[in-house]
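Trainee: Structure provided below as structure tokens; questions to follow.
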Amino acid sequence: MWLPCGCTSKYVASSFARRTLASYLHVSGRSRCNVAAFMPEAAGLEGVSGRAALRELSVSNSESFWAAVARHRLCWSTPFHTVQDCDLSRGKIKWFEGGKLNVSVNCLDRHVHTCPERVALIWERDERGWCCTDELLEMTCRLGNLLRRHGVKRGDCVTIYMPTCPLAVASMLACARIGAAHNVVFAGFSADALAERIRDAQSSTVITVNQGVRGGKVTELKKTVDTAMQSCPTVKQVFVAMRTDNPVTMTARDIAMEEVREQKEMLKEDVVCEPAVMNSEDVLFLLYTSGSTGKPKGLVHTQAGYLLYAALTHRYVFSYHDGDVFGCVADIGWITGHSYVVYGPLANGATTVLFESTPIYPDPGRYWDMVERLKINQFYGAPTAIRLLLKYGDQWVNKYDRSTLKTLGSVGEPINTEAWEWYHRVVGDGRCPVVDTWWQTETGGICIAPRPSDPDAEIVPGMAMRPFFGINPVLMDTEVIVFGFLQGEVLTSNNTSGALCMAQPWPGMARTIHNNHQRFIDTYFQPYPGYFFTGDGAYRSEEGYYQITGRLDDVINVSGHRIGTAEIEDVVNQCPAVAESAVVGYTHSIKGQGVYAFVVLKKGIDVQEADLSRQLNGMVSEKIAKYASPDFIQFAKRLPKTRSGKIMRRVLRKVVESDLEGLGDLSTLDDPAAVQEIIQGHEKLL
Ligand code: WTA
């Protein structure tokens, strides 16, 4: 039932939730739920006063710190016996072993006791101001029962291909409730990209909607799933919910999940769903992300550590207080949506906003209109949107009342000073702290951010600044290369730049790459043995603050979407006319980075370059997603290579940035004339 705005999803519907929680806690015979107290009062942390002392303790005595907050913040059915069992040199990460809990109980049922009337979700639909009324716990339980009845078991993996909507959140939580892992695939991904992720995850169940709606445009999600199914023989069932009123063709594999019309599957289900009792280290979800090689990697996050870290960072980085309305505008298909739309806020009993639309639909006032209507207290978004909105002018912001805002957050890519200043001065009226938060799919939650710190501690524009509790960043020398690998010493001084690594494990970090632990070790732990290597470079200022300087590998960041250049090259190279290609990122005023492809055609190929460019763009959109499609395609006779045949991407990057001074040492080039040709071609294209 779609109703006008004001409708929401509450944490609980009725006393049934109380019963579920009571019986759940009965498993251990006692409740460890204590959500009222402030963290320093957590058992084991008494007497630690001030954020600085707490941070110091969190690093120097990390076991006591994490044990205390885990007992304090999470609701366990069996307490853990071992705080951590980690060995970074082997990529072994385990937290809170022996502990048992259920993530959905932690996100839903337990808030029955503390805030039964608080709204859990506010769905800001694409069609401004329309939301859905179902109760979140009830919806989650019905879905959990539905999945169970259709044979989904603990340990199975369910792929979710849906827009940001309550049913998608309930699907994630329903998986958590019955002990299945979820694999959310961003609804902007193509059928091929979806199929690849379903196959790699060995998912036999998919949940989708008939159509998506974003920015007023309809996307055919169910049709995309149908296409993906042609290469996913393992999928046995596809649950289809209705986001629009338009019917779609259903096959024998499809199950109509939750239609407006009566007697559909979900409505038959009971509203009580027994939560699975999960081990701390059981898988909670897989989330695919790009690396520097072609194949996306399915990062694995587990139950307790991930949830604790998402909840703690949500509370402290954004100064979240009980009763606040938290507005993170990320899509649930990305890690930001997982940690700061769903798990972090819900674990804290927050009211969390689900934003389905775009920053400029139907006009560039959309965000601020929403802030006014929903009375948002913390707003968390991406620099690319801020840069875009800045260009439309202050009037779109000033039209709306933003007095409820307390903290503004930025995530996903570096925020340039101009965007930061505008965000602070215009959106936040100069009175809201702006937190530039650095983190990754791999880290599970925010690792470096200006807060928590003393409330009036300085914030430097465009700097993530301070490591979070339990995070111990180090910078490594990137100059030394041994046998082709980076090998370096820890750089101890300030006012220095290096590879950003973490010297200590923390509960939120990813545990492995699905089905490929060796790749996990090779990517993150082998470059600097004993440390977690982030892939990013950073600068540490004189004062000891961190500023992220960008990726050190072949990953680029387009509008906050992370993409491996090798993934795009793989697609371009599939075109029969193409001999080889090289893709690099270049600075783009709105998107942060744009995609620039160099393409060498096979000998004797005679085509119109414009036609081929169109074809290649179409291929990339179809095989990956629209955002990965090149902004520029430069056809070249050859690419600059070393004598051993490696493409010199460093040179190509400098050329597209028009930084010819910075071309650097070209002595290893096989044929220096190739660079001149590339430079001339680039100038012609601009
Ligand atoms: C980049 C998104 C600068 C970085 C949460 C990282 C940032 C990658 C920032 C992870 C920031 C994220 N400043 N760069 N505040 N936040 N990045 O996995 O390169 O989609 O490695 O996670 O985005 O992207 P991912």
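Chain identifiers are assigned as A, B, and so on, following the order in which chains appear in the structure tokens; residues are numbered from 1 within each chain, and ligands are numbered from 1 in order of appearance.
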Could you list, as a PyMOL selection string, all the residues within 6 Å of ligand 1, counting only C-alpha atoms and all ligand atoms?
Mentor: chain A and resi 336+411-414+436-441+536+548+550-551+561-562
Trainee: Convert the current residue selection to file output with N, CA and C atoms, as a PDB file, in the first residue's frame.
Mentor:
```pdb
ATOM      1  N   THR A 336      28.782   1.789   2.034  1.00  0.00           N
ATOM      2  CA  THR A 336      28.269   2.909   2.834  1.00  0.00           C
ATOM      3  C   THR A 336      26.802   2.674   3.178  1.00  0.00           C
ATOM      4  N   VAL A 411      31.987  11.146   2.174  1.00  0.00           N
ATOM      5  CA  VAL A 411      32.563   9.810   2.047  1.00  0.00           C
ATOM      6  C   VAL A 411      32.796   9.410   0.595  1.00  0.00           C
ATOM      7  N   GLY A 412      33.783   8.567   0.393  1.00  0.00           N
ATOM      8  CA  GLY A 412      33.933   7.866  -0.875  1.00  0.00           C
ATOM      9  C   GLY A 412      35.077   8.350  -1.731  1.00  0.00           C
ATOM     10  N   GLU A 413      35.488   9.583  -1.567  1.00  0.00           N
ATOM     11  CA  GLU A 413      36.546  10.156  -2.402  1.00  0.00           C
ATOM     12  C   GLU A 413      37.015  11.424  -1.706  1.00  0.00           C
ATOM     13  N   PRO A 414      38.143  11.943  -2.147  1.00  0.00           N
ATOM     14  CA  PRO A 414      38.621  13.169  -1.502  1.00  0.00           C
ATOM     15  C   PRO A 414      37.628  14.305  -1.730  1.00  0.00           C
ATOM     16  N   ASP A 436      34.979  14.509   7.170  1.00  0.00           N
ATOM     17  CA  ASP A 436      35.439  13.819   5.961  1.00  0.00           C
ATOM     18  C   ASP A 436      35.895  12.439   6.418  1.00  0.00           C
ATOM     19  N   THR A 437      35.159  11.411   6.029  1.00  0.00           N
ATOM     20  CA  THR A 437      35.404  10.081   6.588  1.00  0.00           C
ATOM     21  C   THR A 437      36.115   9.189   5.583  1.00  0.00           C
ATOM     22  N   TRP A 438      37.264   8.686   5.950  1.00  0.00           N
ATOM     23  CA  TRP A 438      37.981   7.765   5.065  1.00  0.00           C
ATOM     24  C   TRP A 438      37.763   6.324   5.524  1.00  0.00           C
ATOM     25  N   TRP A 439      37.399   5.493   4.566  1.00  0.00           N
ATOM     26  CA  TRP A 439      37.301   4.056   4.830  1.00  0.00           C
ATOM     27  C   TRP A 439      37.081   3.318   3.534  1.00  0.00           C
ATOM     28  N   GLN A 440      36.847   2.016   3.597  1.00  0.00           N
ATOM     29  CA  GLN A 440      36.741   1.184   2.394  1.00  0.00           C
ATOM     30  C   GLN A 440      35.792   0.016   2.646  1.00  0.00           C
ATOM     31  N   THR A 441      35.381  -0.640   1.566  1.00  0.00           N
ATOM     32  CA  THR A 441      34.589  -1.870   1.702  1.00  0.00           C
ATOM     33  C   THR A 441      35.329  -2.832   2.633  1.00  0.00           C
ATOM     34  N   ASP A 536      45.705   2.815  -0.609  1.00  0.00           N
ATOM     35  CA  ASP A 536      45.685   4.278  -0.718  1.00  0.00           C
ATOM     36  C   ASP A 536      47.007   4.874  -0.239  1.00  0.00           C
ATOM     37  N   ILE A 548      44.148  11.826   2.802  1.00  0.00           N
ATOM     38  CA  ILE A 548      44.265  10.753   1.805  1.00  0.00           C
ATOM     39  C   ILE A 548      44.666  11.383   0.475  1.00  0.00           C
ATOM     40  N   GLY A 550      45.074   9.465  -2.492  1.00  0.00           N
ATOM     41  CA  GLY A 550      44.530   8.728  -3.646  1.00  0.00           C
ATOM     42  C   GLY A 550      45.088   7.319  -3.743  1.00  0.00           C
ATOM     43  N   ARG A 551      44.570   6.576  -4.691  1.00  0.00           N
ATOM     44  CA  ARG A 551      44.949   5.171  -4.816  1.00  0.00           C
ATOM     45  C   ARG A 551      46.377   5.026  -5.329  1.00  0.00           C
ATOM     46  N   HIS A 561      32.202   5.887  -7.097  1.00  0.00           N
ATOM     47  CA  HIS A 561      32.109   4.462  -7.432  1.00  0.00           C
ATOM     48  C   HIS A 561      33.502   3.961  -7.756  1.00  0.00           C
ATOM     49  N   ARG A 562      33.842   2.892  -7.096  1.00  0.00           N
ATOM     50  CA  ARG A 562      35.195   2.371  -7.251  1.00  0.00           C
ATOM     51  C   ARG A 562      35.224   1.399  -8.420  1.00  0.00           C
TER      52      ARG A 562
END
```
Trainee: Excluding A:Met162 and any residue of its chain fewer than 5 positions from it, enumerate the residues within 7 Å of it, using only C-alpha atoms, and give them as JSON, numbers by chain.
Mentor: {"A": [168, 187, 208, 209]}
Trainee: Just write the chosen residues, N, CA and C atoms, as a PDB file, in the first residue's frame.
Mentor:
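Done, and the output landed in part-v2.pdb:
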```pdb
ATOM      1  N   ALA A 168      14.172  -3.978   0.658  1.00  0.00           N
ATOM      2  CA  ALA A 168      15.572  -4.380   0.480  1.00  0.00           C
ATOM      3  C   ALA A 168      16.255  -4.487   1.838  1.00  0.00           C
ATOM      4  N   ALA A 187      21.907  -1.919  -7.927  1.00  0.00           N
ATOM      5  CA  ALA A 187      20.889  -2.066  -8.970  1.00  0.00           C
ATOM      6  C   ALA A 187      21.254  -1.321 -10.260  1.00  0.00           C
ATOM      7  N   THR A 208      14.481  -9.556  -6.072  1.00  0.00           N
ATOM      8  CA  THR A 208      14.521  -8.355  -6.905  1.00  0.00           C
ATOM      9  C   THR A 208      13.156  -7.670  -6.902  1.00  0.00           C
ATOM     10  N   VAL A 209      13.033  -6.630  -7.686  1.00  0.00           N
ATOM     11  CA  VAL A 209      11.734  -5.975  -7.860  1.00  0.00           C
ATOM     12  C   VAL A 209      11.397  -5.949  -9.350  1.00  0.00           C
TER      13      VAL A 209
END
```
Trainee: What gap, in Å, lies between atom CA of A:Ser280 and atom CA of A:Ala304?
Mentor: 4.8 Å
Trainee: Sort by chain and increasing residue number a table of all residues of stretch 630-681 of chain A within 10 Å of stretch 603-626 of chain A, each with its closest pair of atoms and their distance in Å to one decimal, counting only C-alpha atoms, and write it as CSV.
Mentor:
```
residue,atom,partner,partner_atom,distance
A:Pro630,CA,A:Asn617,CA,6.3
A:Asp631,CA,A:Asn617,CA,8.6
A:Phe632,CA,A:Ser613,CA,8.6
A:Ile633,CA,A:Ser613,CA,6.5
A:Gln634,CA,A:Ser613,CA,8.9
A:Phe635,CA,A:Glu609,CA,7.6
A:Lys637,CA,A:Lys603,CA,9.4
```
Trainee: Those same residues, written as an mmCIF file, in the first residue's frame with N, CA, C and O atoms?
Mentor:
```
data_model
loop_
_atom_site.group_PDB
_atom_site.id
_atom_site.type_symbol
_atom_site.label_atom_id
_atom_site.label_comp_id
_atom_site.auth_asym_id
_atom_site.auth_seq_id
_atom_site.Cartn_x
_atom_site.Cartn_y
_atom_site.Cartn_z
ATOM 1 N N PRO A 630 33.706 5.062 -20.725
ATOM 2 C CA PRO A 630 34.743 6.095 -20.870
ATOM 3 C C PRO A 630 34.198 7.468 -21.287
ATOM 4 O O PRO A 630 33.308 7.555 -22.117
ATOM 5 N N ASP A 631 34.756 8.518 -20.701
ATOM 6 C CA ASP A 631 34.417 9.886 -21.106
ATOM 7 C C ASP A 631 35.179 10.239 -22.378
ATOM 8 O O ASP A 631 34.721 11.007 -23.204
ATOM 9 N N PHE A 632 36.374 9.709 -22.472
ATOM 10 C CA PHE A 632 37.200 9.951 -23.660
ATOM 11 C C PHE A 632 37.752 8.623 -24.159
ATOM 12 O O PHE A 632 38.182 7.789 -23.359
ATOM 13 N N ILE A 633 37.723 8.457 -25.486
ATOM 14 C CA ILE A 633 38.406 7.296 -26.067
ATOM 15 C C ILE A 633 39.398 7.850 -27.088
ATOM 16 O O ILE A 633 39.008 8.551 -28.026
ATOM 17 N N GLN A 634 40.646 7.600 -26.868
ATOM 18 C CA GLN A 634 41.681 8.084 -27.795
ATOM 19 C C GLN A 634 42.243 6.885 -28.550
ATOM 20 O O GLN A 634 42.763 5.947 -27.933
ATOM 21 N N PHE A 635 42.129 6.935 -29.876
ATOM 22 C CA PHE A 635 42.694 5.843 -30.671
ATOM 23 C C PHE A 635 44.169 6.142 -30.928
ATOM 24 O O PHE A 635 44.530 7.268 -31.261
ATOM 25 N N LYS A 637 48.176 4.510 -32.333
ATOM 26 C CA LYS A 637 48.832 3.454 -33.129
ATOM 27 C C LYS A 637 49.482 2.437 -32.212
ATOM 28 O O LYS A 637 49.588 1.264 -32.496
#
```
Trainee: With only C-alpha atoms as the basis for distance, which of A:Gly365, A:Thr358, A:Gly537, A:Ile122 is at the shortest distance from A:Val325?
Mentor: A:Ile122
Trainee: From the set A:Thr289, A:Asn472, A:Thr234, A:Gln303, which residue has the shortest atom-to-atom contact distance to A:Gly99, counting only C-alpha atoms?
Mentor: A:Gln303
Trainee: So how far away is atom CA of A:Glu418 from atom CA of A:Gln395, in Å?
Mentor: 17.3 Å
Trainee: Here is a test: counting only C-alpha atoms, which residue of A:Ala330, A:Val283, A:Leu194, A:Leu54 is nearest to A:Ile513?
Mentor: A:Val283
Trainee: Could you tell me how far atom CA of A:Cys447 lies from atom CA of A:Met509, in Å and to one decimal?
Mentor: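 That distance, rounded to one decimal, is 10.0 Å.
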Trainee: I'd like the contact shell of A:Ala350 - 7 Å cut-off, only C-alpha atoms, skipping same-chain residues fewer than 6 positions apart - returned as a compact mmCIF listing (two decimals) with all heavy atoms, in the first residue's frame.
Mentor:
```
# COMPACT_ATOMS: atom_id res chain seq x y z
N ALA A 120 11.92 3.38 12.68
CA ALA A 120 13.19 2.77 12.26
C ALA A 120 13.61 3.29 10.88
O ALA A 120 14.73 3.73 10.70
CB ALA A 120 13.05 1.26 12.24
N ASP A 322 20.52 9.39 20.79
CA ASP A 322 19.24 8.68 20.70
C ASP A 322 18.14 9.64 20.29
O ASP A 322 18.04 10.75 20.83
CB ASP A 322 18.90 8.03 22.04
CG ASP A 322 19.88 6.90 22.35
OD1 ASP A 322 20.49 6.38 21.39
OD2 ASP A 322 20.05 6.56 23.52
N GLY A 323 17.36 9.21 19.32
CA GLY A 323 16.25 10.04 18.86
C GLY A 323 16.58 10.87 17.62
O GLY A 323 15.69 11.43 16.98
N ASP A 324 17.86 10.93 17.24
CA ASP A 324 18.23 11.68 16.03
C ASP A 324 17.72 10.96 14.77
O ASP A 324 17.56 9.74 14.76
CB ASP A 324 19.76 11.79 15.92
CG ASP A 324 20.34 12.81 16.89
OD1 ASP A 324 19.57 13.59 17.48
OD2 ASP A 324 21.58 12.81 17.06
N VAL A 325 17.51 11.75 13.72
CA VAL A 325 17.18 11.19 12.41
C VAL A 325 18.44 11.23 11.56
O VAL A 325 19.00 12.31 11.32
CB VAL A 325 16.04 11.99 11.73
CG1 VAL A 325 15.75 11.43 10.34
CG2 VAL A 325 14.79 11.98 12.61
N PHE A 326 18.89 10.05 11.15
CA PHE A 326 20.17 9.95 10.46
C PHE A 326 19.93 9.79 8.96
O PHE A 326 19.25 8.87 8.52
CB PHE A 326 20.93 8.73 11.01
CG PHE A 326 22.35 8.65 10.51
CD1 PHE A 326 23.33 9.46 11.07
CD2 PHE A 326 22.70 7.80 9.47
CE1 PHE A 326 24.64 9.40 10.61
CE2 PHE A 326 24.01 7.74 9.01
CZ PHE A 326 24.97 8.54 9.58
```
Trainee: Identify, with DSSP run on backbone atoms, the residues in stretch 37-159 of chain A assigned to strand (DSSP E), and express the list as a VMD selection string.
Mentor: chain A and resid 82 to 84 95 to 97 100 to 101 119 to 124 130 to 132 157 to 159
Trainee: Within 9 Å of stretch 674-683 of chain A, counting only C-alpha atoms, which residues show up once you throw out same-chain ones fewer than 6 positions away? Write them as a PDB file with C-alpha atoms, in the first residue's frame, please.
Mentor:
```pdb
ATOM      1  CA  PHE A 598      43.511   4.547 -24.998  1.00  0.00           C
ATOM      2  CA  GLN A 634      41.681   8.084 -27.795  1.00  0.00           C
ATOM      3  CA  PHE A 635      42.694   5.843 -30.671  1.00  0.00           C
ATOM      4  CA  ALA A 636      46.445   5.346 -30.897  1.00  0.00           C
ATOM      5  CA  LYS A 637      48.832   3.454 -33.129  1.00  0.00           C
ATOM      6  CA  ARG A 638      50.632   2.035 -30.125  1.00  0.00           C
ATOM      7  CA  LEU A 639      50.967   2.473 -26.378  1.00  0.00           C
ATOM      8  CA  PRO A 640      54.132   3.508 -24.551  1.00  0.00           C
ATOM      9  CA  LYS A 641      55.725   0.360 -23.148  1.00  0.00           C
ATOM     10  CA  VAL A 651      53.084   8.119 -18.510  1.00  0.00           C
ATOM     11  CA  LEU A 652      49.497   7.846 -19.770  1.00  0.00           C
ATOM     12  CA  VAL A 655      49.468  12.825 -20.470  1.00  0.00           C
ATOM     13  CA  VAL A 656      45.747  12.915 -19.669  1.00  0.00           C
ATOM     14  CA  SER A 658      48.407  17.460 -19.357  1.00  0.00           C
ATOM     15  CA  LEU A 660      54.078  16.952 -19.447  1.00  0.00           C
TER      16      LEU A 660
END
```
Trainee: When you count only C-alpha atoms, which of these residues is closest to A:Leu354: A:Ala67, A:Val240, A:Met266, A:Val169?
Mentor: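 That would be A:Val169, the residue with the smallest distance to A:Leu354.
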Trainee: Find the residue from A:Gly462, A:Pro116, A:Gly305, A:Pro527 that sits nearest to A:Arg511; use only C-alpha atoms when measuring.
Mentor: A:Gly305
Trainee: Looking only at helix (DSSP H, G or I) from DSSP on the backbone, list the matching residues of stretch 379-444 of chain A as a PyMOL selection string.
Mentor: chain A and resi 383-392+395-398+417-427+441-443
Trainee: Can you list, as a compact mmCIF listing (two decimals) with all heavy atoms, in the first residue's frame, every protein, DNA or RNA residue that comes within 10 Å of A:Pro576 when you count only C-alpha atoms, leaving out same-chain residues fewer than 4 positions away?
Mentor:
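Saved to part-v8.txt:
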```txt
# COMPACT_ATOMS: atom_id res chain seq x y z
N VAL A 572 36.68 -3.61 -23.18
CA VAL A 572 37.10 -2.96 -24.43
C VAL A 572 37.85 -3.96 -25.32
O VAL A 572 37.63 -4.05 -26.53
CB VAL A 572 37.96 -1.71 -24.11
CG1 VAL A 572 38.61 -1.15 -25.37
CG2 VAL A 572 37.12 -0.65 -23.42
N LEU A 601 43.89 -0.24 -32.39
CA LEU A 601 43.09 -1.15 -33.23
C LEU A 601 43.98 -2.21 -33.87
O LEU A 601 45.19 -2.02 -34.04
CB LEU A 601 42.38 -0.36 -34.32
CG LEU A 601 41.35 0.66 -33.81
CD1 LEU A 601 40.66 1.35 -34.98
CD2 LEU A 601 40.30 -0.02 -32.92
N LYS A 602 43.34 -3.31 -34.25
CA LYS A 602 44.09 -4.36 -34.96
C LYS A 602 44.49 -3.83 -36.33
O LYS A 602 43.81 -2.96 -36.90
CB LYS A 602 43.21 -5.60 -35.12
CG LYS A 602 43.09 -6.37 -33.82
CD LYS A 602 42.28 -7.62 -34.02
CE LYS A 602 42.07 -8.31 -32.69
NZ LYS A 602 40.82 -9.05 -32.63
N ILE A 605 42.18 -2.69 -39.78
CA ILE A 605 40.79 -2.39 -39.43
C ILE A 605 40.45 -0.99 -39.93
O ILE A 605 41.20 -0.04 -39.69
CB ILE A 605 40.58 -2.44 -37.89
CG1 ILE A 605 40.82 -3.84 -37.35
CG2 ILE A 605 39.22 -1.88 -37.49
CD1 ILE A 605 39.67 -4.79 -37.53
```
